[in-house]
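Student: Here's a structure for you.
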Amino acid sequence: MIRVADLPATHPGRRLLTKRSPFFAAPGEPRCSYCVYVPTSWTPESELPVLVAVHGTGRSVGELREGFIPFAERHHLIVVIPLFPVGIDDPDDVDDYKLLDAKGIRFDLVLLDILEQVRFRWNARIDSVLLCGHSGGGQFAHRFLYLHPERVAAVAVGAPGGVTLLDDSLAWPEGIGDTGQRFGTTVDPAAVARVPVLLVIGGDDDGRADLAVMGDHGHSRPEQLDRLAETLLRHGTAVEQVVVPGVGHSAPGTRPPVTGFFARLLSE
């Protein structure tokens with residue numbers, strides 16, 4: 001695999017592998033893929049931090065990358081956008097990645113393998129990343145935090161339709177009671193609590209009708225976010241909650257609080 005630092009400065013590969021990259025097959029699971037944005041401040045000697053942004057059900061990965069480019073340029077970090085496609089082993093499935101483990105694929109480990117490739121290719125710092133996701137991406141993000149808190153510096157969760165509680169009496173994905181058997185790791189709420197969390201939603205994003213169509217007649221999106229806040233706060237996590245007035249179920253509409261949250265942490 002090519003390291004960008006090994007290419008001469010005038011090599012056309014430098015143009016291909018900086019700023020907006022093409023999509024790369026994920027190592028170990030080529031049905032998944034990822035793209036990056038590498039800021040103009042990158043140099044071969046750089047060890048830039050990483051922000052991972054996880055798409056929702058609609059997989060709007062192009063808009064997602066574009067939306068974080070100003071932040072990447074301002075704060076000198078690499079943006080990584082994984083793509084977990086629709087229809088792996090089931091042509092109608094849109095949800096499996098949100099649960100991290102489905103049909104023999106560990107989507108959390110797919111992301112860790114992607115990050116290792118990002119480290120090698122761009123000399124990036126991946127030991128502890130900023131992580132965010134909206135809707136289905138928010139489901140992925142908080143569950144990834146539970147299983148890998150040591151790999152996350154901060155997490156922003158936007159408007160998830162389903163949440164996992166830090167409750168040993170419930171099986172995954174409702175709770176964490178069987179994570180040892182399912183994932184080979186037991187969730188440590190104390191380790192989770194060391195990671196600051198932003199929970200954000202649009203003020204007009206009720207979502208109850210959408211969730212009812214998908215079989216969840218019990219909760220709206222704001223209620224799901226409140227349930228997540230409660231379980232995190234109970235175990236000592238520093239949680240910030242933001243409701244954006246006049247915004248519906250929109251990743252771009254709820255992005256300003258996410259970038260503001262991360263900017264404050266980076267400035268510290």
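Ordered as shown in the structure tokens, chains take letters A, B, and onward, while each chain numbers its residues from 1 and ligands are numbered from 1 in the order shown.
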Using only C-alpha atoms, which residues sit within 8 Å of Asp95 in chain A once same-chain residues fewer than 4 positions away are excluded, as a list in words?
Tutor: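 Using only C-alpha atoms, the neighbours found are Thr57, Val86, Leu99 and Gly136 of chain A.
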Student: Print the selection's residues with C-alpha atoms to a file, as a PDB file, in the first residue's frame.
Tutor:
ATOM      1  CA  THR A  57     -29.689   5.300   6.616  1.00  0.00           C
ATOM      2  CA  VAL A  86     -27.248  -1.253   1.741  1.00  0.00           C
ATOM      3  CA  LEU A  99     -25.945  -2.596  15.570  1.00  0.00           C
ATOM      4  CA  GLY A 136     -28.386   5.667  11.975  1.00  0.00           C
TER       5      GLY A 136
END
Student: Extract, using only C-alpha atoms, all DNA, RNA and protein residues at most 9 Å from range 2-19 of chain A, discarding same-chain residues fewer than 2 positions from it, and format them as a list in words.
Tutor: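 These residues fall inside the cut-off: Ser21, Pro22, Val36, Tyr37, Val38, Pro39, Thr40, Trp42, Thr43, Pro44, Glu45, Ile69, Phe120, Arg121, Trp122 and Asn123 of chain A.
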Student: To one decimal in Å, tell me the separation between CA of Glu116 in chain A and CA of Arg194 in chain A.
Tutor: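 Pair CA of Glu116 in chain A / CA of Arg194 in chain A returns 23.2 Å.
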Student: Applying 10 Å and only C-alpha atoms, which residues near Val187 in chain A remain after dropping the ones on its own chain fewer than 5 positions away? List them as number ranges by chain.
Tutor: A: 143, 145-149, 166-168, 176-180, 192
Student: Pick out the residues sitting within 6 Å of range 71-85 of chain A, and hand them over as a VMD selection string; count only C-alpha atoms, and ignore anything fewer than 5 positions along from it in its own chain.
Tutor: chain A and resid 32 to 39 48 to 53
Student: Kindly give the distance, in Å, that separates CA of Ala124 in chain A and CA of Val54 in chain A, rounded to a single decimal.
Tutor: 18.4 Å
Student: Counting only C-alpha atoms, which of A:Leu64, A:Ala159, A:Leu228, A:Val243 gets nearest to Gly175 in chain A?
Tutor: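 Result for the nearest residue to Gly175 in chain A: A:Leu228.
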Student: With only C-alpha atoms as the counted atoms, please give the residues lying no more than 9 Å from Ala238 in chain A, apart from itself and same-chain residues fewer than 5 positions off, as a PDB file with C-alpha atoms, in the first residue's frame.
Tutor:
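Written output follows (selection_13.pdb):
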ATOM      1  CA  ALA A 193     -17.779   8.017  31.286  1.00  0.00           C
ATOM      2  CA  ARG A 194     -14.305   9.370  30.534  1.00  0.00           C
ATOM      3  CA  VAL A 195     -15.443  10.356  27.024  1.00  0.00           C
ATOM      4  CA  PRO A 196     -17.456  13.605  26.658  1.00  0.00           C
ATOM      5  CA  VAL A 197     -20.680  13.206  24.682  1.00  0.00           C
ATOM      6  CA  LEU A 198     -22.853  15.653  22.755  1.00  0.00           C
ATOM      7  CA  LEU A 232     -24.950   8.051  30.355  1.00  0.00           C
ATOM      8  CA  LEU A 233     -25.458  10.605  33.111  1.00  0.00           C
TER       9      LEU A 233
END
Student: So which residues touch Ile105 in chain A within 12 Å, counting only C-alpha atoms, skipping near sequence neighbours fewer than 4 positions away, as a count of residues only?
Tutor: 18
Student: Could you please determine the separation between CA of Val163 in chain A and CA of Asp226 in chain A in Å, to one decimal place?
Tutor: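 Separation of CA of Val163 in chain A and CA of Asp226 in chain A: 9.9 Å.
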Student: Residues of range 64-257 of chain A in strand (DSSP E) according to DSSP, as JSON, numbers by chain?
Tutor: {"A": [78, 79, 80, 81, 82, 83, 101, 102, 105, 106, 129, 130, 131, 132, 133, 134, 152, 153, 154, 155, 156, 157, 158, 197, 198, 199, 200, 201, 202, 239, 240, 241, 242, 243, 244]}
Student: Rank A:Leu199, A:Leu115, A:Ser267, A:Phe262 by their smallest atom-to-atom distance to Val244 in chain A, using only C-alpha atoms, and report the top residue only.
Tutor: A:Leu199
Student: Find the residue from A:His249, A:Arg106, A:Arg20, A:Arg65 that sits nearest to Arg182 in chain A; use only C-alpha atoms when measuring.
Tutor: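 Checking each candidate against Arg182 in chain A, we get A:Arg106 as the closest.
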Student: Can you list, as a list in words, every residue of range 157-223 of chain A that DSSP puts in helix (DSSP H, G or I)?
Tutor: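 Helix (DSSP H, G or I) members of range 157-223 of chain A, listed: Thr179, Gly180, Gln181, Arg182, Phe183, Pro189, Ala190, Ala191, Val192, Ala193, Arg208, Ala209, Asp210, Leu211, Ala212, Val213, Arg221, Pro222 and Glu223 of chain A.
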Student: Using only C-alpha atoms, find the one residue out of A:Gly56, A:Pro70, A:Pro160, A:Gly62 that sits nearest to Phe23 in chain A.
Tutor: A:Gly62
